[in-house]
Amino acid sequence: MIRLITCVLGVFLFTHSAMAETNMENKDEAPIAIAIHGGAGTITKANLSDEKEAKIRAKLDEALSAGYQALEQGKSSIEAVQTAITILENSPLFNAGVGAVYTFNGEHELDASIMDGRTLQAGAIAGVKRIKNPIQLAAQVLSHSRHVLLTGEGAEEFAATRGIKFADNRMFDTQFRYEAWQKAKTKHEQDKQAFWSQWPDYKYGTVGAVALDSEGNIAAGTSTGGMTLKQYGRVGDSPIIGAGTYANNESCAVSATGHGEFFIRYNVAADICARVKYSGKSIKAASNEVINDVLKNAGGSGGVIVLDAKGHVALPFNTEGMYRASINAKGEKYIGIYK
Ligand code: ASP
């Protein structure tokens with residue numbers, strides 16, 4: 001009897017330690033990584049106070065850490081992307097959710113999208129006015145709608161069936177964006193042509209995230225208020241799959257920020273992934289080509305955050321600054337603002 005118990009115990013201890021070893025190995029072989037952005041544009045040391053810079057760094061750190069923690073807990077890359085973006089949407093510092101820019105008419109119209117690199121499922125919403133966290137509605141479109149992109153009232157009607165939180169449009173107001181809107185209106189009245197040629201200077205603050213989970217799956221998401229003084233009904237690149245957001249385990253996950261019209265016409269996110277997939281380029285080389293050659297030569301300003309299934313990270317931009325942060329597969333953290 002005693003021999004039997006010893007034998008059973010022995011087998012238990014052996015399998016248990018073998019399992020622990022396998023888990024250890026899996027952990028080492030299963031890197032996790034995340035990158036986020038808070039918009040690109042004329043962001044210079046001269047136009048950002050020390051106090052505001054500190055606040056932005058702290059918020060980026062908070063969103064990054066929360067997303068990374070979700071990955072450490074074994075959550076999916078889709079969940080980590082949502083976690084990080086929700087925090088940035090709730091912060092008045094960024095042009096998404098609270099703190100969104102104003103349309104010409106003085107309202108906020110929000111766009112967001114999310115894509116799963118494993119299944120190539122995607123969800124996006126555009127022109128919503130009353131959704132507290134647009135990224136969460138985009139995720140519901142991904143998981144619970146047969147469509148990819150819903151707009152305006154239709155998107156909000158769908159939101160009501162999914163238990164999504166609503167908010168009054170005025171809840172997204174901030175003094176900082178209101179003043180930017182007023183300034184933009186004045187410039188527009190003075191000289192329309194000059195205003196539109198400098199249009200990209202009147203925004204920045206779009207948010208996005210890309211993540212790699214312990215299952216080896218990548219995802220990307222983006223959320224924005226668009227661009228100051230945009231025409232009512234204007235939709236930028238952020239909710240357009242392939243332009244502002246793209247994810248495919250076979251190549252990379254991308255979230256973009258910048259002058260949306262260019263990102264749509266140059267199909268930026270998908271182009272970066274296609275270069276990785278078909279010409280075997282690294283994400284660094286591919287994203288640099290698209291942002292600093294193709295887009296720059298075309299006159300398009302902005303940047304991207306990119307991640308591949310091995311946990312490599314690239315954060316190129318062709319503007320003076322881009323709010324960005326990442327934790328790569330080695331666990332190295334980076335937070336940057338200026339060039
Ligand atoms: N890409 C966004 C848009 O065009 C704006 C931004 O990234 O700042 O709507």
# chains A, B, ... in the order shown; residues from 1 in each chain; ligands from 1
$ residues_near_ligand --ligand "ligand 1" --cutoff "9 Å" --atoms "only C-alpha atoms and all ligand atoms" --output "PyMOL selection string"
chain A and resi 38-41+95+110-111+200+202-207+222-228+230+234-239+244+256-264+302-303
$ select_by_dssp --residues "range 110-247 of chain A" --states "strand (DSSP E or B)" --output "short mmCIF file (atom, residue, chain, number, x, y, z; two decimals) with all heavy atoms, in the first residue's frame"
data_model
loop_
_atom_site.label_atom_id
_atom_site.label_comp_id
_atom_site.auth_asym_id
_atom_site.auth_seq_id
_atom_site.Cartn_x
_atom_site.Cartn_y
_atom_site.Cartn_z
N LEU A 110 -16.78 61.00 -33.82
CA LEU A 110 -15.68 60.08 -33.47
C LEU A 110 -15.61 58.87 -34.40
O LEU A 110 -16.64 58.33 -34.82
CB LEU A 110 -15.89 59.62 -32.02
CG LEU A 110 -16.19 60.76 -31.03
CD1 LEU A 110 -16.51 60.21 -29.64
CD2 LEU A 110 -15.05 61.74 -30.95
N ASP A 111 -14.37 58.47 -34.70
CA ASP A 111 -14.10 57.30 -35.56
C ASP A 111 -13.19 56.33 -34.81
O ASP A 111 -12.27 56.78 -34.11
CB ASP A 111 -13.32 57.72 -36.82
CG ASP A 111 -14.01 58.79 -37.66
OD1 ASP A 111 -15.24 58.92 -37.58
OD2 ASP A 111 -13.29 59.48 -38.42
N ALA A 112 -13.40 55.03 -35.01
CA ALA A 112 -12.48 54.06 -34.39
C ALA A 112 -12.52 52.73 -35.14
O ALA A 112 -13.50 52.44 -35.85
CB ALA A 112 -12.87 53.82 -32.93
N SER A 113 -11.47 51.96 -35.00
CA SER A 113 -11.46 50.62 -35.61
C SER A 113 -10.53 49.70 -34.85
O SER A 113 -9.64 50.15 -34.12
CB SER A 113 -11.02 50.69 -37.07
OG SER A 113 -9.67 51.09 -37.15
N ILE A 114 -10.76 48.39 -35.04
CA ILE A 114 -9.91 47.38 -34.39
C ILE A 114 -9.85 46.16 -35.30
O ILE A 114 -10.84 45.84 -35.98
CB ILE A 114 -10.47 47.05 -32.97
CG1 ILE A 114 -9.48 46.19 -32.18
CG2 ILE A 114 -11.84 46.41 -33.02
CD1 ILE A 114 -9.75 46.21 -30.66
N MET A 115 -8.68 45.51 -35.34
CA MET A 115 -8.54 44.34 -36.21
C MET A 115 -7.74 43.25 -35.53
O MET A 115 -6.75 43.51 -34.84
CB MET A 115 -7.87 44.75 -37.52
CG MET A 115 -7.74 43.60 -38.50
SD MET A 115 -7.43 44.20 -40.17
CE MET A 115 -7.48 42.67 -41.08
N ASP A 116 -8.18 42.02 -35.75
CA ASP A 116 -7.58 40.83 -35.17
C ASP A 116 -6.69 40.15 -36.22
O ASP A 116 -7.18 39.72 -37.26
CB ASP A 116 -8.74 39.90 -34.76
CG ASP A 116 -8.27 38.63 -34.07
OD1 ASP A 116 -7.10 38.25 -34.24
OD2 ASP A 116 -9.10 38.03 -33.36
N ALA A 122 -12.53 42.32 -38.41
CA ALA A 122 -12.32 43.73 -38.09
C ALA A 122 -13.65 44.39 -37.76
O ALA A 122 -14.71 43.95 -38.24
CB ALA A 122 -11.67 44.44 -39.27
N GLY A 123 -13.58 45.44 -36.95
CA GLY A 123 -14.78 46.20 -36.61
C GLY A 123 -14.44 47.68 -36.62
O GLY A 123 -13.36 48.06 -36.14
N ALA A 124 -15.34 48.51 -37.18
CA ALA A 124 -15.05 49.94 -37.23
C ALA A 124 -16.34 50.74 -37.15
O ALA A 124 -17.41 50.26 -37.55
CB ALA A 124 -14.32 50.27 -38.53
N ILE A 125 -16.22 51.96 -36.62
CA ILE A 125 -17.36 52.87 -36.57
C ILE A 125 -16.88 54.26 -36.96
O ILE A 125 -15.74 54.62 -36.71
CB ILE A 125 -17.99 52.91 -35.16
CG1 ILE A 125 -16.88 53.13 -34.11
CG2 ILE A 125 -18.75 51.65 -34.84
CD1 ILE A 125 -17.24 54.12 -33.10
N ALA A 126 -17.76 55.01 -37.59
CA ALA A 126 -17.37 56.35 -38.03
C ALA A 126 -18.50 57.34 -37.77
O ALA A 126 -19.69 56.99 -37.86
CB ALA A 126 -17.04 56.33 -39.52
N GLY A 127 -18.11 58.57 -37.43
CA GLY A 127 -19.09 59.64 -37.28
C GLY A 127 -20.09 59.44 -36.15
O GLY A 127 -21.21 59.93 -36.22
N VAL A 128 -19.67 58.75 -35.07
CA VAL A 128 -20.60 58.63 -33.95
C VAL A 128 -20.44 59.85 -33.04
O VAL A 128 -19.35 60.40 -32.92
CB VAL A 128 -20.41 57.31 -33.14
CG1 VAL A 128 -20.70 56.11 -34.02
CG2 VAL A 128 -19.03 57.22 -32.53
N ILE A 131 -21.05 58.06 -28.34
CA ILE A 131 -20.49 56.83 -27.79
C ILE A 131 -19.30 57.17 -26.90
O ILE A 131 -18.33 57.76 -27.36
CB ILE A 131 -20.03 55.87 -28.93
CG1 ILE A 131 -21.21 55.54 -29.84
CG2 ILE A 131 -19.37 54.63 -28.37
CD1 ILE A 131 -22.38 54.85 -29.15
N LEU A 149 -17.91 47.97 -41.00
CA LEU A 149 -17.92 49.41 -40.71
C LEU A 149 -19.35 49.94 -40.60
O LEU A 149 -20.12 49.82 -41.56
CB LEU A 149 -17.16 50.15 -41.82
CG LEU A 149 -17.19 51.68 -41.85
CD1 LEU A 149 -16.63 52.30 -40.57
CD2 LEU A 149 -16.40 52.20 -43.05
N LEU A 150 -19.68 50.49 -39.43
CA LEU A 150 -21.00 51.10 -39.24
C LEU A 150 -20.81 52.60 -38.99
O LEU A 150 -19.86 53.00 -38.32
CB LEU A 150 -21.70 50.49 -38.02
CG LEU A 150 -22.10 49.01 -38.11
CD1 LEU A 150 -22.73 48.56 -36.78
CD2 LEU A 150 -23.07 48.75 -39.25
N THR A 151 -21.73 53.41 -39.52
CA THR A 151 -21.58 54.85 -39.35
C THR A 151 -22.77 55.48 -38.62
O THR A 151 -23.88 54.92 -38.62
CB THR A 151 -21.45 55.57 -40.72
OG1 THR A 151 -22.71 55.47 -41.40
CG2 THR A 151 -20.35 54.97 -41.57
N PHE A 166 -23.36 55.30 -23.45
CA PHE A 166 -23.58 56.52 -24.24
C PHE A 166 -23.14 57.75 -23.43
O PHE A 166 -23.08 57.69 -22.21
CB PHE A 166 -25.07 56.65 -24.59
CG PHE A 166 -25.46 55.83 -25.80
CD1 PHE A 166 -25.45 54.44 -25.76
CD2 PHE A 166 -25.81 56.45 -27.00
CE1 PHE A 166 -25.79 53.69 -26.88
CE2 PHE A 166 -26.14 55.70 -28.12
CZ PHE A 166 -26.13 54.32 -28.06
N VAL A 207 -5.36 58.40 -31.02
CA VAL A 207 -4.69 57.36 -30.23
C VAL A 207 -4.77 56.00 -30.93
O VAL A 207 -5.66 55.76 -31.74
CB VAL A 207 -5.29 57.25 -28.80
CG1 VAL A 207 -5.27 58.60 -28.11
CG2 VAL A 207 -6.70 56.66 -28.82
N GLY A 208 -3.81 55.13 -30.59
CA GLY A 208 -3.81 53.80 -31.20
C GLY A 208 -2.96 52.84 -30.40
O GLY A 208 -2.16 53.25 -29.56
N ALA A 209 -3.16 51.54 -30.67
CA ALA A 209 -2.37 50.53 -29.98
C ALA A 209 -2.20 49.30 -30.88
O ALA A 209 -3.08 49.00 -31.70
CB ALA A 209 -3.03 50.12 -28.66
N VAL A 210 -1.07 48.64 -30.73
CA VAL A 210 -0.84 47.35 -31.39
C VAL A 210 -0.28 46.42 -30.31
O VAL A 210 0.47 46.88 -29.45
CB VAL A 210 0.15 47.45 -32.58
CG1 VAL A 210 -0.47 48.18 -33.75
CG2 VAL A 210 1.46 48.15 -32.18
N ALA A 211 -0.65 45.15 -30.35
CA ALA A 211 -0.19 44.25 -29.30
C ALA A 211 0.03 42.84 -29.82
O ALA A 211 -0.57 42.42 -30.82
CB ALA A 211 -1.21 44.22 -28.16
N LEU A 212 0.93 42.13 -29.12
CA LEU A 212 1.20 40.70 -29.40
C LEU A 212 0.92 39.94 -28.12
O LEU A 212 1.48 40.26 -27.06
CB LEU A 212 2.68 40.54 -29.79
CG LEU A 212 3.25 39.12 -29.71
CD1 LEU A 212 2.61 38.21 -30.78
CD2 LEU A 212 4.77 39.14 -29.89
N ILE A 218 -1.44 38.93 -33.06
CA ILE A 218 -1.31 40.38 -32.99
C ILE A 218 -2.64 41.07 -33.34
O ILE A 218 -3.51 40.47 -34.00
CB ILE A 218 -0.18 40.91 -33.92
CG1 ILE A 218 -0.37 40.46 -35.37
CG2 ILE A 218 1.18 40.46 -33.41
CD1 ILE A 218 0.69 40.99 -36.33
N ALA A 219 -2.79 42.30 -32.88
CA ALA A 219 -4.01 43.08 -33.14
C ALA A 219 -3.64 44.55 -33.19
O ALA A 219 -2.60 44.96 -32.67
CB ALA A 219 -5.03 42.84 -32.03
N ALA A 220 -4.51 45.34 -33.83
CA ALA A 220 -4.29 46.79 -33.93
C ALA A 220 -5.61 47.52 -33.73
O ALA A 220 -6.68 47.01 -34.11
CB ALA A 220 -3.71 47.15 -35.29
N GLY A 221 -5.53 48.73 -33.16
CA GLY A 221 -6.74 49.54 -33.00
C GLY A 221 -6.38 51.02 -33.03
O GLY A 221 -5.25 51.40 -32.70
N THR A 222 -7.35 51.84 -33.44
CA THR A 222 -7.13 53.29 -33.54
C THR A 222 -8.43 54.01 -33.17
O THR A 222 -9.52 53.50 -33.48
CB THR A 222 -6.75 53.67 -35.00
OG1 THR A 222 -5.72 52.79 -35.46
CG2 THR A 222 -6.25 55.10 -35.11
N SER A 223 -8.32 55.18 -32.54
CA SER A 223 -9.52 55.95 -32.18
C SER A 223 -9.21 57.44 -32.28
O SER A 223 -8.15 57.88 -31.86
CB SER A 223 -9.94 55.60 -30.74
OG SER A 223 -11.09 56.34 -30.38
N THR A 224 -10.16 58.20 -32.84
CA THR A 224 -9.87 59.62 -33.08
C THR A 224 -11.12 60.50 -33.10
O THR A 224 -12.24 60.01 -33.33
CB THR A 224 -9.15 59.81 -34.44
OG1 THR A 224 -8.69 61.15 -34.56
CG2 THR A 224 -10.06 59.50 -35.61
N LYS A 230 -13.05 69.82 -39.53
CA LYS A 230 -13.44 68.89 -40.59
C LYS A 230 -14.91 69.12 -40.91
O LYS A 230 -15.70 69.52 -40.04
CB LYS A 230 -13.19 67.44 -40.17
CG LYS A 230 -14.07 66.92 -39.04
CD LYS A 230 -13.72 65.48 -38.67
CE LYS A 230 -14.64 64.95 -37.57
NZ LYS A 230 -14.31 63.58 -37.14
N ILE A 241 -10.12 50.20 -42.53
CA ILE A 241 -9.23 49.05 -42.43
C ILE A 241 -8.30 49.06 -43.65
O ILE A 241 -8.76 49.13 -44.79
CB ILE A 241 -10.05 47.73 -42.35
CG1 ILE A 241 -10.92 47.74 -41.09
CG2 ILE A 241 -9.14 46.51 -42.38
CD1 ILE A 241 -10.20 47.88 -39.76
N THR A 245 -5.63 51.41 -39.82
CA THR A 245 -5.49 50.23 -38.96
C THR A 245 -5.37 48.97 -39.83
O THR A 245 -6.09 48.84 -40.83
CB THR A 245 -6.75 50.07 -38.07
OG1 THR A 245 -6.91 51.26 -37.27
CG2 THR A 245 -6.66 48.86 -37.16
N TYR A 246 -4.47 48.09 -39.46
CA TYR A 246 -4.41 46.78 -40.13
C TYR A 246 -3.68 45.79 -39.24
O TYR A 246 -2.75 46.17 -38.53
CB TYR A 246 -3.71 46.86 -41.50
CG TYR A 246 -4.07 45.66 -42.36
CD1 TYR A 246 -5.33 45.56 -42.93
CD2 TYR A 246 -3.17 44.61 -42.53
CE1 TYR A 246 -5.69 44.44 -43.67
CE2 TYR A 246 -3.52 43.49 -43.27
CZ TYR A 246 -4.78 43.41 -43.84
OH TYR A 246 -5.14 42.30 -44.55
N ALA A 247 -4.08 44.52 -39.29
CA ALA A 247 -3.36 43.47 -38.54
C ALA A 247 -3.50 42.14 -39.25
O ALA A 247 -4.60 41.75 -39.67
CB ALA A 247 -3.91 43.37 -37.13
#
$ atom_distance --atom1 "CA of Asn105 in chain A" --atom2 "CA of Gly163 in chain A"
28.9 Å
$ select_by_dssp --residues "range 45-82 of chain A" --states "alpha helix (DSSP H)" --output "list in words"
Asp50, Glu51, Lys52, Glu53, Ala54, Lys55, Ile56, Arg57, Ala58, Lys59, Leu60, Asp61, Glu62, Ala63, Leu64, Ser65, Ala66, Gly67, Tyr68, Gln69, Ala70, Leu71, Glu72, Ser77, Ile78, Glu79, Ala80, Val81 and Gln82 of chain A
$ write_last_selection --atoms "N, CA, C and O atoms" --output "mmCIF file, in the first residue's frame"
data_model
loop_
_atom_site.group_PDB
_atom_site.id
_atom_site.type_symbol
_atom_site.label_atom_id
_atom_site.label_comp_id
_atom_site.auth_asym_id
_atom_site.auth_seq_id
_atom_site.Cartn_x
_atom_site.Cartn_y
_atom_site.Cartn_z
ATOM 1 N N ASP A 50 6.478 71.992 -19.707
ATOM 2 C CA ASP A 50 7.018 70.863 -18.930
ATOM 3 C C ASP A 50 5.895 70.125 -18.214
ATOM 4 O O ASP A 50 5.886 68.899 -18.142
ATOM 5 N N GLU A 51 4.951 70.919 -17.739
ATOM 6 C CA GLU A 51 3.846 70.324 -16.970
ATOM 7 C C GLU A 51 2.993 69.417 -17.863
ATOM 8 O O GLU A 51 2.648 68.298 -17.501
ATOM 9 N N LYS A 52 2.691 69.929 -19.072
ATOM 10 C CA LYS A 52 1.860 69.143 -19.980
ATOM 11 C C LYS A 52 2.629 67.904 -20.468
ATOM 12 O O LYS A 52 2.066 66.816 -20.583
ATOM 13 N N GLU A 53 3.903 68.096 -20.741
ATOM 14 C CA GLU A 53 4.712 66.956 -21.176
ATOM 15 C C GLU A 53 4.709 65.849 -20.114
ATOM 16 O O GLU A 53 4.559 64.667 -20.431
ATOM 17 N N ALA A 54 4.847 66.248 -18.857
ATOM 18 C CA ALA A 54 4.863 65.263 -17.766
ATOM 19 C C ALA A 54 3.524 64.522 -17.696
ATOM 20 O O ALA A 54 3.477 63.303 -17.513
ATOM 21 N N LYS A 55 2.437 65.272 -17.897
ATOM 22 C CA LYS A 55 1.101 64.653 -17.856
ATOM 23 C C LYS A 55 0.939 63.657 -18.994
ATOM 24 O O LYS A 55 0.372 62.571 -18.822
ATOM 25 N N ILE A 56 1.408 64.040 -20.179
ATOM 26 C CA ILE A 56 1.281 63.165 -21.340
ATOM 27 C C ILE A 56 2.100 61.891 -21.152
ATOM 28 O O ILE A 56 1.619 60.784 -21.391
ATOM 29 N N ARG A 57 3.338 62.059 -20.682
ATOM 30 C CA ARG A 57 4.188 60.884 -20.439
ATOM 31 C C ARG A 57 3.531 59.940 -19.430
ATOM 32 O O ARG A 57 3.537 58.728 -19.602
ATOM 33 N N ALA A 58 2.963 60.524 -18.370
ATOM 34 C CA ALA A 58 2.353 59.696 -17.326
ATOM 35 C C ALA A 58 1.151 58.928 -17.879
ATOM 36 O O ALA A 58 0.954 57.739 -17.579
ATOM 37 N N LYS A 59 0.364 59.601 -18.726
ATOM 38 C CA LYS A 59 -0.831 58.932 -19.272
ATOM 39 C C LYS A 59 -0.443 57.846 -20.266
ATOM 40 O O LYS A 59 -1.043 56.767 -20.300
ATOM 41 N N LEU A 60 0.590 58.129 -21.071
ATOM 42 C CA LEU A 60 1.070 57.103 -22.005
ATOM 43 C C LEU A 60 1.548 55.884 -21.215
ATOM 44 O O LEU A 60 1.250 54.733 -21.557
ATOM 45 N N ASP A 61 2.289 56.150 -20.154
ATOM 46 C CA ASP A 61 2.816 55.076 -19.320
ATOM 47 C C ASP A 61 1.671 54.251 -18.720
ATOM 48 O O ASP A 61 1.712 53.018 -18.709
ATOM 49 N N GLU A 62 0.647 54.957 -18.249
ATOM 50 C CA GLU A 62 -0.492 54.256 -17.630
ATOM 51 C C GLU A 62 -1.184 53.339 -18.640
ATOM 52 O O GLU A 62 -1.465 52.176 -18.346
ATOM 53 N N ALA A 63 -1.431 53.865 -19.837
ATOM 54 C CA ALA A 63 -2.126 53.069 -20.862
ATOM 55 C C ALA A 63 -1.267 51.891 -21.314
ATOM 56 O O ALA A 63 -1.756 50.764 -21.484
ATOM 57 N N LEU A 64 0.022 52.162 -21.491
ATOM 58 C CA LEU A 64 0.954 51.113 -21.921
ATOM 59 C C LEU A 64 1.015 49.994 -20.884
ATOM 60 O O LEU A 64 0.905 48.802 -21.219
ATOM 61 N N SER A 65 1.177 50.383 -19.623
ATOM 62 C CA SER A 65 1.301 49.398 -18.545
ATOM 63 C C SER A 65 0.031 48.577 -18.394
ATOM 64 O O SER A 65 0.093 47.360 -18.169
ATOM 65 N N ALA A 66 -1.123 49.235 -18.534
ATOM 66 C CA ALA A 66 -2.389 48.501 -18.391
ATOM 67 C C ALA A 66 -2.544 47.486 -19.524
ATOM 68 O O ALA A 66 -2.977 46.345 -19.301
ATOM 69 N N GLY A 67 -2.173 47.875 -20.735
ATOM 70 C CA GLY A 67 -2.247 46.948 -21.861
ATOM 71 C C GLY A 67 -1.280 45.800 -21.682
ATOM 72 O O GLY A 67 -1.613 44.629 -21.932
ATOM 73 N N TYR A 68 -0.079 46.114 -21.214
ATOM 74 C CA TYR A 68 0.946 45.082 -21.024
ATOM 75 C C TYR A 68 0.515 44.101 -19.929
ATOM 76 O O TYR A 68 0.680 42.885 -20.065
ATOM 77 N N GLN A 69 -0.070 44.652 -18.875
ATOM 78 C CA GLN A 69 -0.528 43.820 -17.769
ATOM 79 C C GLN A 69 -1.600 42.830 -18.258
ATOM 80 O O GLN A 69 -1.601 41.671 -17.877
ATOM 81 N N ALA A 70 -2.481 43.322 -19.112
ATOM 82 C CA ALA A 70 -3.520 42.436 -19.669
ATOM 83 C C ALA A 70 -2.852 41.270 -20.403
ATOM 84 O O ALA A 70 -3.258 40.111 -20.261
ATOM 85 N N LEU A 71 -1.808 41.571 -21.160
ATOM 86 C CA LEU A 71 -1.080 40.515 -21.893
ATOM 87 C C LEU A 71 -0.404 39.551 -20.923
ATOM 88 O O LEU A 71 -0.419 38.329 -21.123
ATOM 89 N N GLU A 72 0.167 40.098 -19.852
ATOM 90 C CA GLU A 72 0.831 39.249 -18.844
ATOM 91 C C GLU A 72 -0.161 38.304 -18.184
ATOM 92 O O GLU A 72 0.182 37.194 -17.802
ATOM 93 N N SER A 77 -4.545 39.846 -27.561
ATOM 94 C CA SER A 77 -4.046 41.123 -28.061
ATOM 95 C C SER A 77 -5.205 42.085 -28.318
ATOM 96 O O SER A 77 -5.074 43.297 -28.115
ATOM 97 N N ILE A 78 -6.352 41.566 -28.747
ATOM 98 C CA ILE A 78 -7.539 42.413 -28.966
ATOM 99 C C ILE A 78 -7.955 43.088 -27.653
ATOM 100 O O ILE A 78 -8.254 44.280 -27.606
ATOM 101 N N GLU A 79 -7.917 42.304 -26.564
ATOM 102 C CA GLU A 79 -8.297 42.877 -25.259
ATOM 103 C C GLU A 79 -7.276 43.920 -24.795
ATOM 104 O O GLU A 79 -7.633 44.972 -24.257
ATOM 105 N N ALA A 80 -5.986 43.626 -25.014
ATOM 106 C CA ALA A 80 -4.945 44.564 -24.581
ATOM 107 C C ALA A 80 -5.051 45.892 -25.341
ATOM 108 O O ALA A 80 -4.895 46.968 -24.751
ATOM 109 N N VAL A 81 -5.327 45.807 -26.634
ATOM 110 C CA VAL A 81 -5.482 47.010 -27.461
ATOM 111 C C VAL A 81 -6.644 47.860 -26.930
ATOM 112 O O VAL A 81 -6.535 49.075 -26.767
ATOM 113 N N GLN A 82 -7.754 47.194 -26.627
ATOM 114 C CA GLN A 82 -8.921 47.916 -26.094
ATOM 115 C C GLN A 82 -8.626 48.561 -24.755
ATOM 116 O O GLN A 82 -9.040 49.691 -24.492
#
$ residues_around --residues "Gly97 in chain A" --least-positions-apart "4" --cutoff "9 Å" --atoms "only C-alpha atoms" --output "list in words"
Thr86, Leu88, Glu89, Asn90, Ser91, Pro92, His108, Leu110, Ile131, Lys132, Asn133, Pro134, Met171, Phe172, Ser223, Thr224 and Gly225 of chain A
$ closest_residue --among "A:Gly117, A:Val268, A:Ser255, A:Tyr338" --to "Ile305 in chain A" --atoms "only C-alpha atoms"
A:Ser255
$ atom_distance --atom1 "CA of Asn217 in chain A" --atom2 "CA of Ser76 in chain A"
7.6 Å
$ residues_around --residues "Lys277 in chain A" --least-positions-apart "6" --cutoff "12 Å" --atoms "only C-alpha atoms" --output "PDB file with N, CA and C atoms, in the first residue's frame"
ATOM      1  N   ALA A 247      -4.081  44.521 -39.291  1.00  0.00           N
ATOM      2  CA  ALA A 247      -3.362  43.475 -38.545  1.00  0.00           C
ATOM      3  C   ALA A 247      -3.497  42.136 -39.250  1.00  0.00           C
ATOM      4  N   ASN A 248      -2.365  41.470 -39.400  1.00  0.00           N
ATOM      5  CA  ASN A 248      -2.346  40.125 -39.976  1.00  0.00           C
ATOM      6  C   ASN A 248      -1.154  39.410 -39.343  1.00  0.00           C
ATOM      7  N   ASN A 249      -1.412  38.270 -38.685  1.00  0.00           N
ATOM      8  CA  ASN A 249      -0.312  37.538 -38.027  1.00  0.00           C
ATOM      9  C   ASN A 249       0.844  37.261 -38.971  1.00  0.00           C
ATOM     10  N   GLU A 250       0.552  37.125 -40.252  1.00  0.00           N
ATOM     11  CA  GLU A 250       1.594  36.771 -41.222  1.00  0.00           C
ATOM     12  C   GLU A 250       2.530  37.937 -41.548  1.00  0.00           C
ATOM     13  N   SER A 251       2.116  39.156 -41.209  1.00  0.00           N
ATOM     14  CA  SER A 251       2.990  40.284 -41.530  1.00  0.00           C
ATOM     15  C   SER A 251       3.145  41.206 -40.324  1.00  0.00           C
ATOM     16  N   CYS A 252       2.154  42.042 -40.060  1.00  0.00           N
ATOM     17  CA  CYS A 252       2.303  42.965 -38.934  1.00  0.00           C
ATOM     18  C   CYS A 252       0.979  43.593 -38.518  1.00  0.00           C
ATOM     19  N   ALA A 253       1.042  44.339 -37.420  1.00  0.00           N
ATOM     20  CA  ALA A 253      -0.107  45.113 -36.936  1.00  0.00           C
ATOM     21  C   ALA A 253       0.295  46.577 -36.974  1.00  0.00           C
ATOM     22  N   ALA A 270      -2.035  48.929 -44.712  1.00  0.00           N
ATOM     23  CA  ALA A 270      -1.984  47.700 -45.511  1.00  0.00           C
ATOM     24  C   ALA A 270      -0.720  47.644 -46.366  1.00  0.00           C
ATOM     25  N   ASP A 271      -0.279  48.798 -46.856  1.00  0.00           N
ATOM     26  CA  ASP A 271       0.933  48.823 -47.690  1.00  0.00           C
ATOM     27  C   ASP A 271       2.149  48.366 -46.875  1.00  0.00           C
ATOM     28  N   ILE A 283       9.749  45.010 -40.365  1.00  0.00           N
ATOM     29  CA  ILE A 283       8.727  46.042 -40.163  1.00  0.00           C
ATOM     30  C   ILE A 283       9.378  47.427 -40.116  1.00  0.00           C
ATOM     31  N   ALA A 286      10.088  48.405 -43.850  1.00  0.00           N
ATOM     32  CA  ALA A 286       8.831  48.622 -44.581  1.00  0.00           C
ATOM     33  C   ALA A 286       8.123  49.889 -44.120  1.00  0.00           C
ATOM     34  N   ASP A 308       5.333  43.125 -35.048  1.00  0.00           N
ATOM     35  CA  ASP A 308       5.141  41.839 -35.743  1.00  0.00           C
ATOM     36  C   ASP A 308       4.938  40.719 -34.721  1.00  0.00           C
TER      37      ASP A 308
END
$ atom_distance --atom1 "CA of Glu332 in chain A" --atom2 "CA of Phe317 in chain A"
20.6 Å
$ closest_residue --among "A:Gly321, A:Thr42, A:Ser145, A:Leu229" --to "His188 in chain A" --atoms "only C-alpha atoms"
A:Leu229
$ closest_residue --among "A:Lys330, A:Ala325, A:Tyr178, A:Asn318" --to "Asn292 in chain A" --atoms "only C-alpha atoms"
A:Asn318
$ closest_residue --among "A:Ile327, A:Ala184, A:Ala243, A:Ala33" --to "Val101 in chain A" --atoms "only C-alpha atoms"
A:Ala184
$ closest_residue --among "A:Gly99, A:Gly336, A:Ala269, A:Asn288" --to "Trp181 in chain A" --atoms "only C-alpha atoms"
A:Gly99
